[in-house]
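Colleague: work-v3.csv (CSV, C-alpha atoms and all ligand atoms) pasted underneath:
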```csv
chain,number,residue,atom,x,y,z
A,9,MET,CA,0.0,0.0,0.0
A,10,THR,CA,2.8,2.4,1.0
A,11,ARG,CA,4.6,1.6,-2.2
A,12,ILE,CA,1.5,2.5,-4.3
A,13,ILE,CA,1.1,5.8,-2.4
A,14,GLU,CA,4.8,6.6,-3.0
A,15,LYS,CA,4.4,5.7,-6.7
A,16,ARG,CA,1.4,8.1,-6.9
A,17,HIS,CA,3.3,10.9,-5.3
A,18,ALA,CA,6.3,10.4,-7.7
A,19,LEU,CA,3.9,10.4,-10.7
A,20,HIS,CA,2.3,13.5,-9.4
A,21,ARG,CA,5.7,15.2,-9.0
A,22,ASN,CA,6.7,14.1,-12.5
A,23,LEU,CA,3.5,15.5,-13.9
A,24,GLN,CA,4.0,18.8,-12.2
A,25,LEU,CA,7.6,19.0,-13.5
A,26,HIS,CA,6.4,18.3,-17.1
A,27,LYS,CA,3.6,20.9,-16.8
A,28,GLN,CA,6.2,23.4,-15.7
A,29,GLN,CA,8.5,22.5,-18.6
A,30,ASN,CA,5.6,22.7,-21.0
A,31,ASN,CA,4.7,26.2,-19.7
A,32,ASN,CA,8.4,27.4,-20.0
A,33,LEU,CA,8.5,26.1,-23.6
A,34,LYS,CA,5.2,27.9,-24.4
A,35,LEU,CA,6.6,31.1,-23.0
A,36,GLN,CA,9.8,30.7,-25.0
A,37,ILE,CA,7.8,30.1,-28.2
A,38,SER,CA,5.8,33.2,-27.7
A,39,GLN,CA,8.9,35.3,-27.0
A,40,LEU,CA,10.6,33.9,-30.1
A,41,GLN,CA,7.4,34.6,-32.1
A,42,ALA,CA,7.4,38.2,-30.9
A,43,LEU,CA,11.1,38.5,-31.9
A,44,ALA,CA,10.4,37.0,-35.3
A,45,ASN,CA,7.5,39.5,-35.8
A,46,ILE,CA,9.9,42.4,-35.1
A,47,GLY,CA,12.3,41.0,-37.6
A,48,VAL,CA,9.7,40.7,-40.3
A,49,ASN,CA,8.3,44.2,-39.6
A,50,THR,CA,11.8,45.7,-39.7
A,51,ALA,CA,12.5,44.0,-42.9
A,52,MET,CA,9.2,45.3,-44.4
A,53,ILE,CA,10.1,48.8,-43.5
A,54,ALA,CA,13.5,48.5,-45.1
A,55,HIS,CA,11.9,47.0,-48.2
A,56,GLU,CA,9.5,49.9,-48.7
A,57,ILE,CA,12.2,52.5,-48.2
A,58,ASN,CA,14.3,50.6,-50.7
A,59,ASN,CA,11.5,50.8,-53.2
A,60,LEU,CA,11.8,54.6,-53.1
A,61,LEU,CA,15.6,54.8,-52.7
A,62,THR,CA,16.3,53.0,-56.0
A,63,PRO,CA,14.5,55.6,-58.2
A,64,LEU,CA,15.8,58.4,-56.0
A,65,SER,CA,19.4,57.5,-56.7
A,66,ASN,CA,18.5,57.0,-60.4
A,67,TYR,CA,17.1,60.6,-60.5
A,68,ALA,CA,20.2,62.0,-58.8
A,69,ASP,CA,22.5,60.1,-61.3
A,70,LEU,CA,20.4,61.5,-64.2
A,71,ALA,CA,21.0,65.0,-62.9
A,72,LEU,CA,24.7,64.4,-62.5
A,73,LEU,CA,25.0,63.0,-66.0
A,74,HIS,CA,23.3,65.9,-67.7
A,75,LEU,CA,24.5,68.9,-65.8
A,76,ASP,CA,24.6,70.9,-69.0
A,77,ASP,CA,20.9,70.3,-69.7
A,78,MET,CA,19.4,72.7,-67.2
A,79,GLU,CA,15.8,71.6,-67.8
A,80,LEU,CA,16.5,67.9,-67.3
A,81,THR,CA,18.7,68.5,-64.3
A,82,LYS,CA,16.0,70.7,-62.7
A,83,LYS,CA,13.4,68.1,-63.3
A,84,ALA,CA,15.5,65.3,-61.9
A,85,LEU,CA,16.4,67.3,-58.8
A,86,LYS,CA,12.8,68.1,-58.2
A,87,LYS,CA,11.9,64.4,-58.4
A,88,THR,CA,14.8,63.6,-56.1
A,89,SER,CA,13.6,66.1,-53.6
A,90,ARG,CA,10.0,64.9,-53.8
A,91,ASN,CA,11.1,61.3,-53.4
A,92,CYS,CA,13.1,62.2,-50.3
A,93,GLN,CA,10.1,63.8,-48.7
A,94,ARG,CA,8.0,60.7,-49.7
A,95,ALA,CA,10.6,58.4,-48.2
A,96,SER,CA,10.3,60.2,-44.9
A,97,LYS,CA,6.5,60.0,-44.9
A,98,VAL,CA,6.7,56.4,-45.9
A,99,MET,CA,9.0,55.6,-43.0
A,100,GLN,CA,6.5,57.1,-40.5
A,101,SER,CA,3.5,55.5,-42.0
A,102,ILE,CA,5.1,52.0,-42.6
A,103,LEU,CA,6.3,52.1,-39.0
A,104,ALA,CA,2.7,52.6,-37.9
A,105,VAL,CA,1.5,49.7,-40.2
A,106,ALA,CA,4.3,47.4,-38.8
A,107,ASN,CA,3.5,48.3,-35.3
A,108,GLY,CA,-0.2,47.6,-35.8
A,109,GLU,CA,-1.2,51.2,-35.2
A,110,THR,CA,-4.0,52.7,-37.2
A,111,GLU,CA,-3.5,56.1,-38.8
A,112,LYS,CA,-6.2,58.4,-39.8
A,113,LYS,CA,-8.0,57.5,-43.0
A,114,GLN,CA,-9.0,60.2,-45.5
A,115,VAL,CA,-10.7,60.6,-48.8
A,116,VAL,CA,-8.1,60.1,-51.5
A,117,ASN,CA,-8.3,60.5,-55.3
A,118,LEU,CA,-7.2,57.1,-56.6
A,119,ALA,CA,-6.1,58.3,-60.1
A,120,GLU,CA,-3.8,60.9,-58.6
A,121,LEU,CA,-2.4,58.4,-56.1
A,122,VAL,CA,-1.6,56.0,-58.9
A,123,ASP,CA,-0.2,58.8,-61.1
A,124,GLU,CA,2.2,59.7,-58.4
A,125,ILE,CA,3.6,56.1,-58.2
A,126,PHE,CA,4.6,56.3,-61.9
A,127,SER,CA,6.3,59.6,-61.4
A,128,CYS,CA,8.2,58.1,-58.4
A,129,LEU,CA,9.5,55.2,-60.4
A,130,CYS,CA,12.3,56.7,-62.5
A,131,ARG,CA,12.6,54.1,-65.3
A,132,ASP,CA,10.1,54.5,-68.1
A,133,PHE,CA,8.1,51.3,-68.6
A,134,SER,CA,8.2,51.7,-72.4
A,135,LYS,CA,12.0,51.2,-72.2
A,136,ASP,CA,11.2,47.6,-71.2
A,137,ASN,CA,8.5,47.2,-73.8
A,138,ILE,CA,5.7,47.5,-71.3
A,139,ALA,CA,2.6,49.5,-72.2
A,140,VAL,CA,0.8,51.0,-69.3
A,141,LYS,CA,-3.0,51.4,-69.3
A,142,ILE,CA,-4.7,53.3,-66.5
A,143,GLU,CA,-8.4,52.9,-66.3
A,144,ILE,CA,-9.5,54.8,-63.3
A,145,PRO,CA,-12.4,57.2,-63.3
A,146,ASN,CA,-11.0,60.7,-62.5
A,147,ASP,CA,-13.5,61.3,-59.7
A,148,LEU,CA,-13.1,57.9,-58.0
A,149,THR,CA,-12.0,58.2,-54.4
A,150,ILE,CA,-11.1,55.7,-51.7
A,151,PHE,CA,-11.2,56.1,-48.0
A,152,ALA,CA,-7.7,55.1,-46.9
A,153,VAL,CA,-4.4,56.1,-45.3
A,154,PRO,CA,-2.7,57.2,-48.5
A,155,VAL,CA,0.9,56.2,-48.0
A,156,PRO,CA,0.5,52.5,-47.2
A,157,ILE,CA,-2.1,52.0,-50.0
A,158,GLN,CA,0.2,53.8,-52.4
A,159,GLN,CA,3.0,51.5,-51.4
A,160,VAL,CA,0.7,48.5,-51.8
A,161,LEU,CA,0.0,49.5,-55.4
A,162,MET,CA,3.6,50.3,-56.0
A,163,ASN,CA,4.6,46.8,-54.9
A,164,LEU,CA,2.0,45.2,-57.3
A,165,ILE,CA,3.1,47.4,-60.1
A,166,LEU,CA,6.8,46.5,-59.5
A,167,ASN,CA,5.9,42.8,-59.4
A,168,SER,CA,4.1,43.1,-62.7
A,169,ARG,CA,7.0,44.9,-64.2
A,170,ASP,CA,9.4,42.1,-63.0
A,171,ALA,CA,7.0,39.5,-64.5
A,172,MET,CA,7.1,41.2,-67.9
A,173,MET,CA,10.8,42.3,-67.9
A,174,ALA,CA,11.9,39.5,-70.2
A,175,ASN,CA,9.4,39.9,-73.0
A,176,GLY,CA,7.5,43.1,-72.4
A,177,GLY,CA,3.7,43.2,-72.2
A,178,ILE,CA,0.7,45.2,-71.0
A,179,LEU,CA,0.3,46.5,-67.4
A,180,THR,CA,-3.3,47.6,-66.6
A,181,VAL,CA,-4.3,49.4,-63.4
A,182,LYS,CA,-8.1,49.7,-63.2
A,183,ALA,CA,-10.6,50.5,-60.6
A,184,ILE,CA,-14.4,50.6,-60.3
A,185,ASP,CA,-16.8,51.9,-57.7
A,186,ASN,CA,-18.9,49.0,-56.4
A,187,GLY,CA,-21.3,50.9,-54.2
A,188,ASN,CA,-20.1,49.9,-50.8
A,189,SER,CA,-16.5,49.2,-51.9
A,190,VAL,CA,-13.9,50.1,-54.5
A,191,GLU,CA,-12.3,47.3,-56.5
A,192,ILE,CA,-8.8,47.9,-57.8
A,193,GLU,CA,-7.0,45.5,-60.2
A,194,VAL,CA,-3.4,45.4,-61.2
A,195,ALA,CA,-3.0,43.1,-64.2
A,196,ASP,CA,-0.1,42.0,-66.3
A,197,THR,CA,0.6,39.8,-69.3
A,198,GLY,CA,3.8,38.4,-67.7
A,199,LYS,CA,5.0,35.0,-66.9
A,200,GLY,CA,2.3,34.2,-64.3
A,201,ILE,CA,2.5,32.3,-61.0
A,202,SER,CA,3.1,28.5,-61.1
A,203,ALA,CA,0.5,26.3,-59.4
A,204,VAL,CA,3.0,25.1,-56.8
A,205,ASN,CA,3.8,28.7,-55.8
A,206,MET,CA,0.3,30.0,-55.6
A,207,GLY,CA,-0.2,29.1,-51.9
A,208,LYS,CA,3.1,30.7,-50.9
A,209,ILE,CA,3.4,34.1,-52.5
A,210,PHE,CA,2.0,36.1,-49.5
A,211,LEU,CA,4.4,34.4,-47.0
A,212,PRO,CA,7.1,36.8,-45.8
A,213,PHE,CA,10.5,36.1,-47.5
A,214,PHE,CA,9.0,33.9,-50.2
A,215,THR,CA,10.6,34.9,-53.5
A,216,THR,CA,11.4,33.4,-56.9
A,217,LYS,CA,13.7,36.2,-57.7
A,218,LYS,CA,16.9,35.1,-56.1
A,219,ASP,CA,20.1,35.3,-58.2
A,220,ALA,CA,18.9,34.0,-61.5
A,221,GLU,CA,16.7,36.9,-62.6
A,222,LYS,CA,17.9,40.4,-63.1
A,223,THR,CA,14.9,42.0,-61.6
A,224,SER,CA,14.4,44.7,-59.1
A,225,GLY,CA,13.3,42.6,-56.2
A,226,GLY,CA,14.2,39.5,-54.3
A,227,SER,CA,13.4,39.8,-50.6
A,228,GLY,CA,9.9,38.3,-50.8
A,229,LEU,CA,8.4,41.0,-48.6
A,230,GLY,CA,6.3,43.0,-51.1
A,231,LEU,CA,3.2,40.9,-51.0
A,232,ALA,CA,3.5,40.2,-47.2
A,233,PHE,CA,3.4,44.0,-46.7
A,234,CYS,CA,0.5,44.4,-49.2
A,235,LYS,CA,-1.6,41.8,-47.3
A,236,LYS,CA,-0.9,43.4,-43.9
A,237,ALA,CA,-1.7,47.0,-45.1
A,238,VAL,CA,-4.9,45.9,-47.0
A,239,GLN,CA,-6.1,44.0,-44.0
A,240,GLN,CA,-5.5,47.0,-41.8
A,241,HIS,CA,-8.0,48.8,-44.1
A,242,ASN,CA,-10.5,46.0,-43.6
A,243,GLY,CA,-10.0,45.1,-47.2
A,244,THR,CA,-9.1,42.0,-49.1
A,245,ILE,CA,-6.4,41.1,-51.6
A,246,SER,CA,-6.6,38.2,-53.9
A,247,PHE,CA,-5.1,37.1,-57.2
A,248,ARG,CA,-5.7,34.9,-60.2
A,249,SER,CA,-3.0,33.8,-62.6
A,250,ASP,CA,-2.6,31.9,-65.8
A,251,PRO,CA,0.9,30.5,-65.6
A,252,GLY,CA,3.0,31.6,-68.6
A,253,LYS,CA,0.4,34.2,-69.6
A,254,ALA,CA,-1.0,36.6,-67.1
A,255,THR,CA,-1.7,37.6,-63.5
A,256,VAL,CA,-4.3,39.9,-61.9
A,257,PHE,CA,-4.2,41.1,-58.3
A,258,LYS,CA,-7.5,42.4,-57.0
A,259,ILE,CA,-7.9,44.6,-53.9
A,260,ILE,CA,-11.3,45.4,-52.4
A,261,LEU,CA,-11.4,48.4,-50.1
A,262,PRO,CA,-14.6,49.1,-48.2
A,263,LYS,CA,-15.8,52.7,-48.6
A,264,LEU,CA,-17.1,53.3,-45.1
A,265,GLN,CA,-15.2,51.9,-42.1
B,1,LIG,N1,2.6,39.8,-61.1
B,1,LIG,C1,3.3,38.7,-60.8
B,1,LIG,N2,3.6,37.8,-61.8
B,1,LIG,C2,4.3,36.7,-61.5
B,1,LIG,N3,4.7,36.3,-60.3
B,1,LIG,C3,4.4,37.1,-59.3
B,1,LIG,C4,3.7,38.4,-59.5
B,1,LIG,N4,3.5,39.0,-58.3
B,1,LIG,C5,4.2,38.2,-57.4
B,1,LIG,N5,4.7,37.1,-58.0
B,1,LIG,C6,5.4,36.0,-57.3
B,1,LIG,O1,5.3,36.2,-55.9
B,1,LIG,C7,6.6,36.2,-55.3
B,1,LIG,C8,6.5,37.1,-54.0
B,1,LIG,O2,6.3,38.4,-54.4
B,1,LIG,P1,6.8,39.6,-53.4
B,1,LIG,O3,6.5,40.9,-54.0
B,1,LIG,O4,6.3,39.3,-52.0
B,1,LIG,O5,8.4,39.4,-53.3
B,1,LIG,P2,9.5,39.7,-54.5
B,1,LIG,O6,8.8,40.5,-55.6
B,1,LIG,O7,10.0,38.3,-54.9
B,1,LIG,O8,10.6,40.5,-53.8
B,1,LIG,P3,10.4,41.9,-53.2
B,1,LIG,O9,10.6,41.8,-51.7
B,1,LIG,O10,11.5,42.8,-53.8
B,1,LIG,O11,9.0,42.5,-53.5
B,1,LIG,C9,7.5,36.7,-56.4
B,1,LIG,O12,8.9,36.3,-56.1
B,1,LIG,C10,6.9,36.0,-57.6
B,1,LIG,O13,7.3,34.7,-57.7
B,2,MG,MG,7.8,42.3,-55.0
```
Render the structure in this file as structure tokens.

Modeller:
Amino acid sequence: MTRIIEKRHALHRNLQLHKQQNNNLKLQISQLQALANIGVNTAMIAHEINNLLTPLSNYADLALLHLDDMELTKKALKKTSRNCQRASKVMQSILAVANGETEKKQVVNLAELVDEIFSCLCRDFSKDNIAVKIEIPNDLTIFAVPVPIQQVLMNLILNSRDAMMANGGILTVKAIDNGNSVEIEVADTGKGISAVNMGKIFLPFFTTKKDAEKTSGGSGLGLAFCKKAVQQHNGTISFRSDPGKATVFKIILPKLQ
């Protein structure tokens, strides 16, 4: 009888010990998860700033190369200065997105927002045989925090450009008012997304652009950022792709939130 009682006590002690170990492991996992989140968020901020720094340095180079052409130099310097101001705004806004803070939404003219993206990107799309079609009604507005949504569209546009870099194609940005929401599509006639990759593209750090391709990206953070920013607007982001032919990303943003 005493042996059975001792055995029970020993089992009980063992159980307590394992429970304690289990709790410690759970705590460690949640601390590691928090650290991993900080890492992803920091990388996302760096990624968005980099998206602006590349054209910024291109504009500065353009000015330096054509010092005798006053008009061009003036234009390039103006763009450089504007991009610097944008980079600083982006830094503040992206930090807020990464930290899960909500900035004040406002009524924003979508056509103007998209127009500004193209003036930020230094390299003309036509140089890569890409035709750009913008089909956004002039009076269409969204209710959003402008900077992150502009970065979202910039990421989608850059991905489309990368996808068409080899053979050229057509980039279409269009939007329609759906009553309670605004639907925005960024479509390209590029190489598409293979079936095996379709489930992975929104994962942080997933990229197919390492080494082999001479494209602008390669960190796999663009779409992870897009998803986070769109979700913070209570919107959705989805895509459809015809591998080898075309890809369309669709964002739905509710009008009133
Ligand atoms: N329009 C597109 N056409 C074809 N593939 C695409 C398209 N958009 C995204 N992808 C695929 O999804 C992957 C992830 O995209 P994401 O924007 O997150 O990262 P990335 O473009 O590889 O790198 P970066 O961090 O510079 O944006 C890409 O590497 C590419 O394989
Ligand atoms: Mg990208």

Colleague: So that each row is one residue of chain A with an atom at most 7 Å from ligand LIG 1 (chain B), can you give its shortest atom pair and the distance in Å to one decimal, using all atoms listed in the file, rows by chain and rising number, as CSV?

Modeller:
```
residue,atom,partner,partner_atom,distance
A:His55,CA,B:LIG1,O9,6.4
A:Asn163,CA,B:LIG1,O3,6.3
A:Leu164,CA,B:LIG1,N4,6.5
A:Asn167,CA,B:LIG1,N4,4.6
A:Ser168,CA,B:LIG1,N1,4.0
A:Ala171,CA,B:LIG1,N2,4.7
A:Asp196,CA,B:LIG1,N1,6.3
A:Gly198,CA,B:LIG1,N2,5.9
A:Lys199,CA,B:LIG1,C2,5.7
A:Gly200,CA,B:LIG1,C2,4.3
A:Ile201,CA,B:LIG1,N3,4.6
A:Ile209,CA,B:LIG1,O1,4.4
A:Phe210,CA,B:LIG1,O4,5.9
A:Pro212,CA,B:LIG1,O4,6.7
A:Phe213,CA,B:LIG1,O4,6.9
A:Phe214,CA,B:LIG1,C8,5.6
A:Thr215,CA,B:LIG1,O12,3.4
A:Thr216,CA,B:LIG1,O12,3.9
A:Lys217,CA,B:LIG1,O12,5.1
A:Ser224,CA,B:LIG1,O10,6.3
A:Gly225,CA,B:LIG1,O10,3.0
A:Gly226,CA,B:LIG1,O8,3.8
A:Ser227,CA,B:LIG1,O9,3.6
A:Gly228,CA,B:LIG1,O5,3.1
A:Leu229,CA,B:LIG1,O9,3.9
A:Gly230,CA,B:LIG1,O3,3.6
A:Leu231,CA,B:LIG1,O4,3.6
A:Ala232,CA,B:LIG1,O4,5.6
A:Thr255,CA,B:LIG1,N1,5.4
A:Val256,CA,B:LIG1,N1,6.9
```

Colleague: Just write the chosen residues, C-alpha atoms, as a PDB file, in the frame of the given file.

Modeller:
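Listing of out_7.pdb after writing:
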```pdb
ATOM      1  CA  HIS A  55      11.900  47.000 -48.200  1.00  0.00           C
ATOM      2  CA  ASN A 163       4.600  46.800 -54.900  1.00  0.00           C
ATOM      3  CA  LEU A 164       2.000  45.200 -57.300  1.00  0.00           C
ATOM      4  CA  ASN A 167       5.900  42.800 -59.400  1.00  0.00           C
ATOM      5  CA  SER A 168       4.100  43.100 -62.700  1.00  0.00           C
ATOM      6  CA  ALA A 171       7.000  39.500 -64.500  1.00  0.00           C
ATOM      7  CA  ASP A 196      -0.100  42.000 -66.300  1.00  0.00           C
ATOM      8  CA  GLY A 198       3.800  38.400 -67.700  1.00  0.00           C
ATOM      9  CA  LYS A 199       5.000  35.000 -66.900  1.00  0.00           C
ATOM     10  CA  GLY A 200       2.300  34.200 -64.300  1.00  0.00           C
ATOM     11  CA  ILE A 201       2.500  32.300 -61.000  1.00  0.00           C
ATOM     12  CA  ILE A 209       3.400  34.100 -52.500  1.00  0.00           C
ATOM     13  CA  PHE A 210       2.000  36.100 -49.500  1.00  0.00           C
ATOM     14  CA  PRO A 212       7.100  36.800 -45.800  1.00  0.00           C
ATOM     15  CA  PHE A 213      10.500  36.100 -47.500  1.00  0.00           C
ATOM     16  CA  PHE A 214       9.000  33.900 -50.200  1.00  0.00           C
ATOM     17  CA  THR A 215      10.600  34.900 -53.500  1.00  0.00           C
ATOM     18  CA  THR A 216      11.400  33.400 -56.900  1.00  0.00           C
ATOM     19  CA  LYS A 217      13.700  36.200 -57.700  1.00  0.00           C
ATOM     20  CA  SER A 224      14.400  44.700 -59.100  1.00  0.00           C
ATOM     21  CA  GLY A 225      13.300  42.600 -56.200  1.00  0.00           C
ATOM     22  CA  GLY A 226      14.200  39.500 -54.300  1.00  0.00           C
ATOM     23  CA  SER A 227      13.400  39.800 -50.600  1.00  0.00           C
ATOM     24  CA  GLY A 228       9.900  38.300 -50.800  1.00  0.00           C
ATOM     25  CA  LEU A 229       8.400  41.000 -48.600  1.00  0.00           C
ATOM     26  CA  GLY A 230       6.300  43.000 -51.100  1.00  0.00           C
ATOM     27  CA  LEU A 231       3.200  40.900 -51.000  1.00  0.00           C
ATOM     28  CA  ALA A 232       3.500  40.200 -47.200  1.00  0.00           C
ATOM     29  CA  THR A 255      -1.700  37.600 -63.500  1.00  0.00           C
ATOM     30  CA  VAL A 256      -4.300  39.900 -61.900  1.00  0.00           C
TER      31      VAL A 256
END
```

Colleague: Of the candidates A:Leu64, A:Ala54, A:Val160, A:Ile259, which one gets nearest to ligand MG 2 (chain B) if we count only C-alpha atoms and all ligand atoms?

Modeller: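 Using only C-alpha atoms and all ligand atoms, ligand MG 2 (chain B) sits closest to A:Val160.
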
Colleague: For the atom pair atom CA of Leu118 of chain A and atom CA of Ala174 of chain A, what is the interatomic distance in Å to one decimal place?

Modeller: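 Distance between the two atoms: 29.3 Å.
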
Colleague: For Gly187 of chain A, which of A:Ala254, A:Ile144, A:Ile260, A:Ala42 is the closest residue, counting all atoms listed in the file?

Modeller: A:Ile260

Colleague: Pick from A:Thr81, A:Ser127, A:Ser202, A:Asn59: nearest to ligand MG 2 (chain B), with only C-alpha atoms and all ligand atoms counted?

Modeller: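 Closest to ligand MG 2 (chain B) of all the choices is A:Asn59.
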
Colleague: What is the atom CA of Asn175 of chain A to atom CA of Ala71 of chain A distance in Å?

Modeller: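 It comes out at 29.4 Å.
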